[in-house]
$ cat run_24.txt   # compact mmCIF, C-alpha atoms
# COMPACT_ATOMS: atom_id res chain seq x y z
CA MET A 772 0.00 0.00 0.00
CA HIS A 773 1.49 3.34 -1.08
CA THR A 774 0.84 6.17 1.38
CA ASP A 775 1.39 8.84 -1.29
CA PRO A 776 -0.23 7.54 -4.50
CA ILE A 777 0.53 10.60 -6.64
CA VAL A 778 4.29 10.21 -6.06
CA PHE A 779 4.08 6.50 -6.84
CA TYR A 780 1.97 7.12 -9.97
CA ILE A 781 4.40 9.74 -11.26
CA PHE A 782 7.25 7.31 -10.62
CA VAL A 783 5.72 4.39 -12.52
CA ILE A 784 4.40 6.59 -15.36
CA PHE A 785 7.69 8.29 -16.09
CA THR A 786 9.97 5.34 -15.43
CA GLY A 787 7.80 3.15 -17.65
CA SER A 788 7.54 5.93 -20.25
CA ALA A 789 11.32 6.23 -20.38
CA VAL A 790 11.61 2.49 -21.12
CA LEU A 791 8.89 2.48 -23.78
CA ALA A 792 10.13 5.76 -25.27
CA THR A 793 13.50 4.11 -25.79
CA LEU A 794 11.85 1.19 -27.58
CA ALA A 795 9.70 3.59 -29.61
CA LEU A 796 12.75 5.53 -30.78
CA TYR A 797 14.52 2.33 -31.83
CA ALA A 798 11.35 1.43 -33.75
CA ARG A 799 11.21 4.97 -35.26
CA GLN A 800 7.82 5.57 -33.64
CA ALA A 801 6.11 8.64 -32.23
CA LEU A 802 6.68 8.59 -28.48
CA LEU A 803 3.05 9.17 -27.60
CA VAL A 804 2.20 5.69 -28.92
CA GLY A 805 4.45 4.31 -26.18
CA TYR A 806 2.71 6.43 -23.54
CA ILE A 807 -0.72 5.10 -24.55
CA LEU A 808 0.59 1.52 -24.60
CA LEU A 809 2.07 1.99 -21.12
CA GLY A 810 -1.35 3.16 -19.92
CA VAL A 811 -2.91 -0.03 -21.25
CA ILE A 812 -0.27 -2.15 -19.48
CA LEU A 813 -0.29 -0.39 -16.10
CA GLY A 814 -3.88 0.88 -16.03
CA LEU A 815 -7.25 -0.82 -15.69
CA PRO A 816 -6.96 -2.86 -18.93
CA GLY A 817 -3.70 -4.44 -17.75
CA PHE A 818 -2.15 -4.94 -14.31
CA GLY A 819 -4.16 -2.18 -12.59
CA ILE A 820 -1.08 -0.69 -10.94
CA VAL A 821 -2.43 2.82 -11.64
CA ALA A 822 -6.04 2.44 -10.55
CA ASP A 823 -7.12 5.96 -9.47
CA LEU A 824 -7.93 7.33 -12.92
CA GLU A 825 -9.81 10.32 -11.50
CA LEU A 826 -6.59 11.56 -9.92
CA ILE A 827 -4.56 10.91 -13.08
CA ASN A 828 -7.16 12.56 -15.32
CA GLY A 829 -7.14 15.67 -13.13
CA VAL A 830 -3.38 16.01 -13.51
CA ALA A 831 -3.53 15.16 -17.23
CA LYS A 832 -5.95 18.02 -17.90
CA ILE A 833 -3.21 20.50 -17.06
CA GLY A 834 -1.27 19.18 -20.06
CA ILE A 835 -4.18 19.95 -22.37
CA ILE A 836 -4.43 23.46 -20.90
CA PHE A 837 -0.74 24.08 -21.65
CA LEU A 838 -1.10 22.51 -25.12
CA LEU A 839 -3.91 24.93 -26.01
CA PHE A 840 -1.97 27.86 -24.54
CA LEU A 841 1.09 27.04 -26.68
CA LEU A 842 -1.06 26.60 -29.79
CA GLY A 843 -2.41 30.08 -29.15
CA LEU A 844 1.12 31.44 -28.71
CA ASN A 845 2.04 30.05 -32.15
CA LEU A 846 -1.02 31.57 -33.83
CA GLN A 847 0.88 34.46 -35.36
CA PRO A 848 -1.69 36.54 -37.31
CA GLN A 849 0.94 37.78 -39.80
CA ASP A 850 2.15 34.24 -40.56
CA LEU A 851 -1.38 32.97 -40.97
CA LEU A 852 -2.38 35.81 -43.32
CA HIS A 853 0.64 35.13 -45.53
CA THR A 854 -0.75 31.81 -46.75
CA LEU A 855 -4.39 32.26 -45.67
CA ARG A 856 -6.00 32.10 -49.11
CA LYS A 857 -4.31 28.85 -50.07
CA THR A 858 -4.61 27.15 -46.71
CA THR A 859 -8.23 28.15 -46.14
CA VAL A 860 -9.32 26.50 -49.37
CA VAL A 861 -7.20 23.42 -48.70
CA THR A 862 -8.31 23.12 -45.06
CA VAL A 863 -12.04 23.61 -45.68
CA VAL A 864 -12.30 21.28 -48.68
CA SER A 865 -10.12 18.56 -47.13
CA SER A 866 -12.04 18.78 -43.85
CA LEU A 867 -15.34 18.20 -45.67
CA VAL A 868 -13.89 15.19 -47.51
CA PHE A 869 -12.51 13.59 -44.34
CA ALA A 870 -15.65 14.35 -42.34
CA GLY A 871 -17.76 12.72 -45.06
CA LEU A 872 -15.62 9.58 -44.99
CA GLY A 873 -15.80 9.35 -41.20
CA PHE A 874 -19.57 9.89 -41.24
CA GLY A 875 -19.95 7.15 -43.88
CA VAL A 876 -17.96 4.59 -41.87
CA GLY A 877 -19.94 5.35 -38.72
CA TRP A 878 -23.21 5.06 -40.66
CA GLN A 879 -22.23 1.68 -42.09
CA PHE A 880 -21.56 0.30 -38.61
CA GLY A 881 -24.83 1.45 -37.08
CA PHE A 882 -23.95 4.51 -35.01
CA ASN A 883 -26.59 7.22 -34.67
CA VAL A 884 -26.58 10.46 -36.66
CA TRP A 885 -24.98 12.67 -33.99
CA GLU A 886 -22.29 10.11 -33.29
CA ASN A 887 -21.59 9.89 -37.01
CA PHE A 888 -21.23 13.67 -37.18
CA LEU A 889 -18.67 13.58 -34.37
CA ILE A 890 -16.83 10.59 -35.85
CA GLY A 891 -16.64 12.49 -39.13
CA ALA A 892 -15.62 15.76 -37.49
CA SER A 893 -12.84 14.00 -35.55
CA MET A 894 -11.33 12.79 -38.83
CA MET A 895 -10.90 16.37 -40.12
CA PHE A 896 -7.76 17.10 -38.13
CA SER A 897 -4.10 16.16 -38.63
CA SER A 898 -1.70 15.70 -35.74
CA THR A 899 0.13 18.89 -34.76
CA ILE A 900 2.48 16.86 -32.56
CA ILE A 901 3.48 14.35 -35.26
CA GLY A 902 3.41 16.89 -38.09
CA LEU A 903 5.71 19.35 -36.35
CA LYS A 904 7.82 16.94 -34.25
CA LEU A 905 8.86 15.04 -37.40
CA LEU A 906 9.51 18.20 -39.39
CA PRO A 907 13.14 19.40 -39.30
CA THR A 908 13.47 22.72 -37.46
CA THR A 909 15.07 24.38 -40.48
CA VAL A 910 12.01 23.51 -42.58
CA LEU A 911 9.59 24.50 -39.84
CA HIS A 912 10.96 28.00 -39.34
CA HIS A 913 12.59 28.98 -42.61
CA LYS A 914 10.97 27.13 -45.53
CA HIS A 915 7.74 27.65 -47.46
CA ALA A 916 6.61 24.07 -46.74
CA GLY A 917 6.82 24.79 -43.02
CA GLU A 918 4.67 27.91 -43.40
CA VAL A 919 2.00 26.05 -45.37
CA MET A 920 1.87 23.11 -42.95
CA VAL A 921 1.72 25.35 -39.88
CA SER A 922 -1.07 27.41 -41.46
CA ILE A 923 -3.14 24.30 -42.24
CA LEU A 924 -2.60 22.89 -38.75
CA LEU A 925 -3.47 26.21 -37.11
CA LEU A 926 -6.70 26.52 -39.10
CA GLN A 927 -7.58 22.96 -38.12
CA ASP A 928 -6.83 23.86 -34.49
CA VAL A 929 -9.22 26.81 -34.69
CA ILE A 930 -11.95 24.48 -36.02
CA ALA A 931 -11.21 22.07 -33.17
CA ILE A 932 -11.50 24.86 -30.60
CA LEU A 933 -14.90 25.83 -32.04
CA MET A 934 -15.96 22.18 -31.85
CA LEU A 935 -15.00 22.03 -28.18
CA LEU A 936 -16.99 25.21 -27.56
CA ILE A 937 -20.06 23.70 -29.24
CA LEU A 938 -19.66 20.40 -27.37
CA GLN A 939 -19.50 22.29 -24.12
CA GLY A 940 -22.69 24.17 -24.98
CA VAL A 941 -24.57 21.02 -26.00
CA SER A 942 -23.51 19.24 -22.79
CA LYS A 943 -25.11 21.82 -20.50
CA GLY A 944 -28.58 20.34 -20.80
CA GLY A 945 -31.83 22.16 -21.61
CA ASN A 946 -31.91 23.96 -24.94
CA PRO A 947 -28.44 23.50 -26.45
CA TRP A 948 -28.76 26.50 -28.76
CA VAL A 949 -29.56 28.79 -25.82
CA ASP A 950 -26.57 27.38 -23.92
CA ILE A 951 -24.32 27.87 -26.93
CA GLY A 952 -25.62 31.44 -27.22
CA ILE A 953 -24.79 32.14 -23.57
CA LEU A 954 -21.34 30.65 -23.99
CA THR A 955 -20.79 32.69 -27.15
CA LEU A 956 -21.64 35.88 -25.25
CA GLY A 957 -19.06 34.98 -22.62
CA LEU A 958 -16.38 34.58 -25.28
CA PRO A 959 -16.17 38.30 -26.29
CA LEU A 960 -16.00 39.27 -22.61
CA LEU A 961 -13.10 36.91 -22.05
CA ILE A 962 -11.30 38.11 -25.19
CA GLY A 963 -11.88 41.77 -24.24
CA PHE A 964 -10.44 41.28 -20.78
CA ALA A 965 -7.47 39.32 -22.14
CA VAL A 966 -6.60 41.99 -24.74
CA ALA A 967 -6.93 44.86 -22.23
CA PHE A 968 -4.96 43.14 -19.45
CA GLU A 969 -2.24 42.02 -21.86
CA HIS A 970 -1.88 45.54 -23.32
CA PHE A 971 -2.01 47.60 -20.12
CA VAL A 972 -0.50 45.27 -17.51
CA LEU A 973 1.08 42.03 -18.71
CA VAL A 974 3.30 43.38 -21.49
CA LYS A 975 4.56 46.25 -19.32
CA LEU A 976 5.56 43.84 -16.55
CA ILE A 977 7.22 41.44 -19.01
CA HIS A 978 9.22 44.25 -20.64
CA ARG A 979 10.17 45.68 -17.26
CA PHE A 980 11.57 42.38 -15.93
CA ASP A 981 12.35 40.46 -19.14
CA LYS A 982 15.93 39.73 -18.04
CA ILE A 983 14.73 37.70 -15.04
CA GLN A 984 13.87 34.36 -16.62
CA GLU A 985 12.31 32.91 -13.47
CA TYR A 986 9.88 35.83 -13.29
CA ILE A 987 8.86 35.45 -16.95
CA PHE A 988 8.30 31.74 -16.39
CA LEU A 989 6.12 32.34 -13.32
CA MET A 990 4.20 35.19 -14.93
CA THR A 991 3.47 33.09 -18.01
CA ILE A 992 2.17 30.12 -16.02
CA GLY A 993 0.09 32.47 -13.88
CA TRP A 994 -1.38 34.09 -17.00
CA CYS A 995 -2.15 30.73 -18.64
CA LEU A 996 -3.82 29.18 -15.60
CA GLY A 997 -5.47 32.46 -14.60
CA MET A 998 -7.13 32.76 -18.00
CA ALA A 999 -8.17 29.10 -17.77
CA GLU A 1000 -9.88 29.72 -14.42
CA LEU A 1001 -11.48 32.99 -15.56
CA ALA A 1002 -13.00 31.12 -18.50
CA THR A 1003 -14.82 28.78 -16.12
CA VAL A 1004 -16.35 31.81 -14.32
CA LEU A 1005 -17.87 32.78 -17.70
CA LYS A 1006 -19.11 29.19 -18.20
CA LEU A 1007 -16.40 28.42 -20.77
CA SER A 1008 -13.80 25.68 -20.52
CA HIS A 1009 -10.28 25.84 -19.10
CA GLU A 1010 -8.92 24.93 -22.54
CA ILE A 1011 -10.62 27.82 -24.34
CA GLY A 1012 -9.41 30.30 -21.72
CA ALA A 1013 -5.83 29.06 -22.07
CA PHE A 1014 -6.03 29.25 -25.88
CA ILE A 1015 -7.21 32.87 -25.80
CA GLY A 1016 -4.49 33.69 -23.28
CA GLY A 1017 -1.92 32.38 -25.74
CA VAL A 1018 -3.38 34.15 -28.76
CA VAL A 1019 -3.27 37.64 -27.20
CA LEU A 1020 0.44 37.12 -26.42
CA ALA A 1021 1.30 35.72 -29.86
CA SER A 1022 2.18 39.04 -31.48
CA ASN A 1023 4.63 39.94 -28.70
CA PRO A 1024 8.27 39.23 -29.63
CA ILE A 1025 8.76 37.33 -26.38
CA SER A 1026 6.12 34.75 -27.37
CA ARG A 1027 8.72 32.52 -29.08
CA TYR A 1028 10.85 32.46 -25.92
CA ILE A 1029 7.79 31.70 -23.76
CA ALA A 1030 6.72 28.89 -26.11
CA GLU A 1031 10.16 27.27 -25.97
CA SER A 1032 10.47 27.58 -22.17
CA LEU A 1033 7.04 26.02 -21.55
CA LYS A 1034 7.46 23.03 -23.87
CA PRO A 1035 9.11 20.77 -21.23
CA LEU A 1036 6.30 21.56 -18.77
CA ARG A 1037 3.68 20.88 -21.43
CA ASP A 1038 5.37 17.60 -22.38
CA PHE A 1039 5.46 16.50 -18.74
CA PHE A 1040 1.69 16.78 -18.41
CA LEU A 1041 0.99 15.46 -21.92
CA VAL A 1042 2.82 12.23 -21.04
CA ILE A 1043 0.30 11.81 -18.24
CA PHE A 1044 -2.59 12.70 -20.60
CA PHE A 1045 -1.68 10.06 -23.18
CA PHE A 1046 -1.01 7.55 -20.40
CA SER A 1047 -4.49 8.23 -19.01
CA LEU A 1048 -6.05 7.52 -22.41
CA GLY A 1049 -4.53 4.04 -22.43
CA ALA A 1050 -5.19 3.44 -18.73
CA GLY A 1051 -8.91 4.09 -19.13
CA LEU A 1052 -9.51 1.90 -22.18
CA ASP A 1053 -12.05 -0.89 -22.00
CA LEU A 1054 -10.39 -3.57 -24.13
CA LYS A 1055 -13.66 -5.42 -24.64
CA THR A 1056 -15.21 -2.32 -26.21
CA VAL A 1057 -12.04 -1.68 -28.23
CA TYR A 1058 -12.29 -5.23 -29.58
CA GLU A 1059 -15.92 -4.57 -30.62
CA VAL A 1060 -14.89 -1.56 -32.73
CA LEU A 1061 -11.56 -2.98 -33.93
CA PHE A 1062 -12.71 -3.76 -37.48
CA PRO A 1063 -14.38 -0.37 -38.13
CA GLY A 1064 -11.37 1.27 -36.45
CA ILE A 1065 -8.95 -0.48 -38.82
CA LEU A 1066 -11.13 0.41 -41.81
CA LEU A 1067 -11.35 4.05 -40.76
CA ALA A 1068 -7.58 4.21 -40.18
CA ILE A 1069 -6.85 2.69 -43.61
CA LEU A 1070 -9.17 5.17 -45.30
CA MET A 1071 -7.53 8.14 -43.57
CA LEU A 1072 -3.98 6.91 -44.24
CA THR A 1073 -4.80 6.26 -47.89
CA ILE A 1074 -6.98 9.24 -48.77
CA LYS A 1075 -5.59 12.04 -46.62
CA PRO A 1076 -2.14 12.33 -48.29
CA TRP A 1077 -3.57 12.28 -51.81
CA THR A 1078 -6.38 14.70 -50.97
CA PHE A 1079 -3.90 17.19 -49.55
CA LYS A 1080 -1.62 16.65 -52.55
CA LEU A 1081 -4.37 17.30 -55.11
CA LEU A 1082 -5.64 20.38 -53.28
CA LEU A 1083 -2.16 21.85 -52.77
CA VAL A 1084 -1.33 21.33 -56.45
CA LYS A 1085 -4.61 23.06 -57.36
CA VAL A 1086 -3.59 26.16 -55.39
CA GLY A 1087 -0.17 26.29 -57.06
CA GLU A 1088 2.21 24.22 -54.93
CA PRO A 1089 4.81 21.97 -56.66
CA GLU A 1090 3.69 18.35 -57.03
CA PRO A 1091 6.52 16.58 -55.12
CA LEU A 1092 6.32 19.08 -52.25
CA SER A 1093 2.53 18.74 -52.16
CA LEU A 1094 2.78 14.97 -51.81
CA GLU A 1095 5.35 15.29 -49.02
CA MET A 1096 3.12 17.73 -47.12
CA GLY A 1097 0.18 15.40 -47.69
CA VAL A 1098 2.05 12.45 -46.19
CA ARG A 1099 3.19 14.55 -43.24
CA LEU A 1100 -0.45 15.56 -42.62
CA GLY A 1101 -1.82 12.09 -43.39
CA GLN A 1102 -2.92 10.98 -39.92
CA VAL A 1103 -5.67 11.80 -37.44
CA SER A 1104 -5.01 14.26 -34.61
CA GLU A 1105 -4.51 14.25 -30.85
CA PHE A 1106 -7.35 16.80 -30.96
CA SER A 1107 -9.57 13.94 -32.14
CA LEU A 1108 -8.69 12.10 -28.94
CA LEU A 1109 -9.61 15.18 -26.93
CA VAL A 1110 -12.93 15.62 -28.76
CA ALA A 1111 -13.75 11.94 -28.16
CA GLU A 1112 -12.91 12.23 -24.45
CA VAL A 1113 -14.98 15.39 -23.96
CA ALA A 1114 -17.95 14.02 -25.91
CA LEU A 1115 -17.82 10.72 -24.01
CA LYS A 1116 -17.73 12.41 -20.60
CA THR A 1117 -20.65 14.67 -21.51
CA GLY A 1118 -22.75 11.75 -22.80
CA ILE A 1119 -22.89 12.92 -26.41
CA LEU A 1120 -20.87 9.95 -27.64
CA SER A 1121 -21.37 6.33 -26.62
CA ARG A 1122 -18.31 4.43 -25.42
CA PRO A 1123 -18.02 2.35 -28.65
CA ALA A 1124 -18.16 5.50 -30.81
CA ALA A 1125 -15.50 7.23 -28.68
CA TYR A 1126 -13.29 4.15 -28.78
CA LEU A 1127 -13.70 3.92 -32.55
CA ILE A 1128 -12.25 7.43 -32.84
CA GLU A 1129 -9.44 6.64 -30.40
CA ALA A 1130 -8.54 3.32 -32.06
CA ALA A 1131 -8.43 4.83 -35.56
CA THR A 1132 -6.39 7.79 -34.31
CA VAL A 1133 -3.72 5.68 -32.58
CA MET A 1134 -3.40 3.36 -35.58
CA THR A 1135 -2.83 6.32 -37.91
CA PHE A 1136 -0.20 7.66 -35.48
CA VAL A 1137 1.78 4.43 -35.74
CA VAL A 1138 1.60 3.91 -39.52
CA SER A 1139 1.98 7.59 -40.44
CA SER A 1140 5.09 7.93 -38.25
CA TYR A 1141 6.69 4.99 -40.07
CA LEU A 1142 5.83 6.42 -43.50
CA ILE A 1143 7.30 9.83 -42.67
CA VAL A 1144 10.46 8.50 -41.01
CA LEU A 1145 11.22 6.06 -43.83
CA ASN A 1146 10.63 8.48 -46.71
CA TYR A 1147 11.27 12.10 -45.66
CA PRO A 1148 13.80 14.16 -43.68
CA THR A 1149 13.10 13.98 -39.94
CA PRO A 1150 15.13 14.35 -36.73
CA ILE A 1151 14.78 10.56 -36.14
CA ALA A 1152 15.17 9.30 -39.72
CA VAL A 1153 16.39 5.74 -40.27
CA SER A 1154 19.13 6.73 -42.72
CA ASP A 1155 21.81 9.38 -42.27
CA ARG A 1156 20.76 10.84 -45.65
CA LEU A 1157 17.30 11.73 -44.32
CA ARG A 1158 18.23 12.74 -40.78
CA ARG A 1159 17.76 16.48 -40.30
CA ASP A 1160 17.65 18.37 -37.02
$ encode --input "run_24.txt" --output "structure tokens"
Amino acid sequence: MHTDPIVFYIFVIFTGSAVLATLALYARQALLVGYILLGVILGLPGFGIVADLELINGVAKIGIIFLLFLLGLNLQPQDLLHTLRKTTVVTVVSSLVFAGLGFGVGWQFGFNVWENFLIGASMMFSSTIIGLKLLPTTVLHHKHAGEVMVSILLLQDVIAILMLLILQGVSKGGNPWVDIGILTLGLPLLIGFAVAFEHFVLVKLIHRFDKIQEYIFLMTIGWCLGMAELATVLKLSHEIGAFIGGVVLASNPISRYIAESLKPLRDFFLVIFFFSLGAGLDLKTVYEVLFPGILLAILMLTIKPWTFKLLLVKVGEPEPLSLEMGVRLGQVSEFSLLVAEVALKTGILSRPAAYLIEAATVMTFVVSSYLIVLNYPTPIAVSDRLRRD
């Protein structure tokens, strides 16, 4: 019996993650696949060593808050406007195609209409973590391909944020449209406060003490979590508050430094988030949706790269580069996992429908990572010729 379960849980999660991360790197896999697998082994589906999922889920939520905050920090309006016309067309059309495919698979396997809409909507997104983690830094920051990919991913992230807002409104009970309306009214208030506070208080303090790194670190965390809590006062979610807090700081030159300094903290909590996904799986239900999950994953892995390629060529991108960007964007997103979790907890999705989304997403993570690592420059490429930092 462990008198301090949180210390023990952190120990087994991170020690186990270090072991599986090592194996994942040797296998040229995305690390988050190892974290989910560890959750299955140590959580309720496996040995049950980590049994208090409520405690783990509470800690894991902080990782999602930081993830949304950092996405907001990277939402540079000037960068987005530079490729907005191209990426808007590509993102909207591709999202409709992928949503239609997801809806069709759900329909064929007997899910209800609203579940099919959510299954389809979850297929619209590509993984920001895999897309950017496997993209060499030189391409990400200095090449046209990096700009286009980031713009597409950011537009998808905005759509995902809107989806979470709608899910939150629908989950309130009563008339969902009235609830969504109330939530939408709270959004301008939150944005207005964030812009005013950032302009008149936050930026002045940051500029005054920008040489004291510890202070900037503390101020940033306080701003992120403070905005997350303020959002709940206005009946919005922690995640939306954190996202807005990041967006209002994005145009400040210090945003790049803040984003880099918070990445280790974000990764710490995201390890726990992905572990919690695996730890809470019901393997019996996963087995029930295994065939539709495999079918959905195959469709996404096959159709996503070529859809992106065709659309990017249509808007004037070179054909080989378009195919590479399509392959790099050719998986489902961690946002899909988040949408499935939120919809399951609020009762909008049944457990089989949520597990279908999660199974298809994880399978695309695995296969897509292999395809990218074996064929394109990445920091963990198999050959020296393709390895780029």
$ residues_around --input "run_24.txt" --residues "A:Phe880" --least-positions-apart "4" --cutoff "12 Å" --atoms "only C-alpha atoms" --output "compact mmCIF listing (two decimals) with C-alpha atoms, keeping the file's coordinate frame"
# COMPACT_ATOMS: atom_id res chain seq x y z
CA GLY A 873 -15.80 9.35 -41.20
CA PHE A 874 -19.57 9.89 -41.24
CA GLY A 875 -19.95 7.15 -43.88
CA VAL A 876 -17.96 4.59 -41.87
CA VAL A 884 -26.58 10.46 -36.66
CA GLU A 886 -22.29 10.11 -33.29
CA ASN A 887 -21.59 9.89 -37.01
CA ILE A 890 -16.83 10.59 -35.85
CA GLU A 1059 -15.92 -4.57 -30.62
CA VAL A 1060 -14.89 -1.56 -32.73
CA LEU A 1061 -11.56 -2.98 -33.93
CA PHE A 1062 -12.71 -3.76 -37.48
CA PRO A 1063 -14.38 -0.37 -38.13
CA GLY A 1064 -11.37 1.27 -36.45
CA LEU A 1066 -11.13 0.41 -41.81
CA LEU A 1067 -11.35 4.05 -40.76
CA PRO A 1123 -18.02 2.35 -28.65
CA ALA A 1124 -18.16 5.50 -30.81
CA LEU A 1127 -13.70 3.92 -32.55
$ closest_residue --input "run_24.txt" --among "A:Leu1083, A:Met990, A:Ala1068, A:Thr1003" --to "A:Ser865" --atoms "all atoms listed in the file"
A:Leu1083
$ closest_residue --input "run_24.txt" --among "A:Trp885, A:Trp1077, A:Ser788, A:Met920" --to "A:Ile812" --atoms "all atoms listed in the file"
A:Ser788
$ axis_aligned_box --input "run_24.txt" --around "stretch 991-1002 of chain A" --padding-each-side "4 Å" --output "AutoDock Vina command-line options"
--center_x -4.8 --center_y 31.6 --center_z -16.3 --size_x 24.5 --size_y 13.0 --size_z 12.8
$ residues_around --input "run_24.txt" --residues "stretch 1011-1028 of chain A" --least-positions-apart "5" --cutoff "8 Å" --atoms "all atoms listed in the file" --output "short mmCIF file (atom, residue, chain, number, x, y, z; two decimals) with C-alpha atoms, keeping the file's coordinate frame"
data_model
loop_
_atom_site.label_atom_id
_atom_site.label_comp_id
_atom_site.auth_asym_id
_atom_site.auth_seq_id
_atom_site.Cartn_x
_atom_site.Cartn_y
_atom_site.Cartn_z
CA ILE A 836 -4.43 23.46 -20.90
CA PHE A 837 -0.74 24.08 -21.65
CA LEU A 839 -3.91 24.93 -26.01
CA PHE A 840 -1.97 27.86 -24.54
CA LEU A 841 1.09 27.04 -26.68
CA LEU A 842 -1.06 26.60 -29.79
CA GLY A 843 -2.41 30.08 -29.15
CA LEU A 844 1.12 31.44 -28.71
CA ASN A 845 2.04 30.05 -32.15
CA LEU A 846 -1.02 31.57 -33.83
CA GLN A 847 0.88 34.46 -35.36
CA PRO A 848 -1.69 36.54 -37.31
CA ILE A 932 -11.50 24.86 -30.60
CA LEU A 936 -16.99 25.21 -27.56
CA LEU A 961 -13.10 36.91 -22.05
CA ILE A 962 -11.30 38.11 -25.19
CA ALA A 965 -7.47 39.32 -22.14
CA VAL A 966 -6.60 41.99 -24.74
CA GLU A 969 -2.24 42.02 -21.86
CA TRP A 994 -1.38 34.09 -17.00
CA CYS A 995 -2.15 30.73 -18.64
CA LEU A 996 -3.82 29.18 -15.60
CA MET A 998 -7.13 32.76 -18.00
CA ALA A 999 -8.17 29.10 -17.77
CA GLU A 1000 -9.88 29.72 -14.42
CA LEU A 1001 -11.48 32.99 -15.56
CA ALA A 1002 -13.00 31.12 -18.50
CA THR A 1003 -14.82 28.78 -16.12
#
$ residues_around --input "run_24.txt" --residues "A:Met934" --least-positions-apart "3" --cutoff "10 Å" --atoms "all atoms listed in the file" --output "ChimeraX atom specification"
/A:889,892-893,928-931,937-940,1110
$ atom_distance --input "run_24.txt" --atom1 "atom CA of A:Phe1045" --atom2 "atom CA of A:Ile807"
5.2 Å
$ closest_residue --input "run_24.txt" --among "A:Val1137, A:Val1042, A:Val1098, A:Leu803" --to "A:Ile1074" --atoms "all atoms listed in the file"
A:Val1098
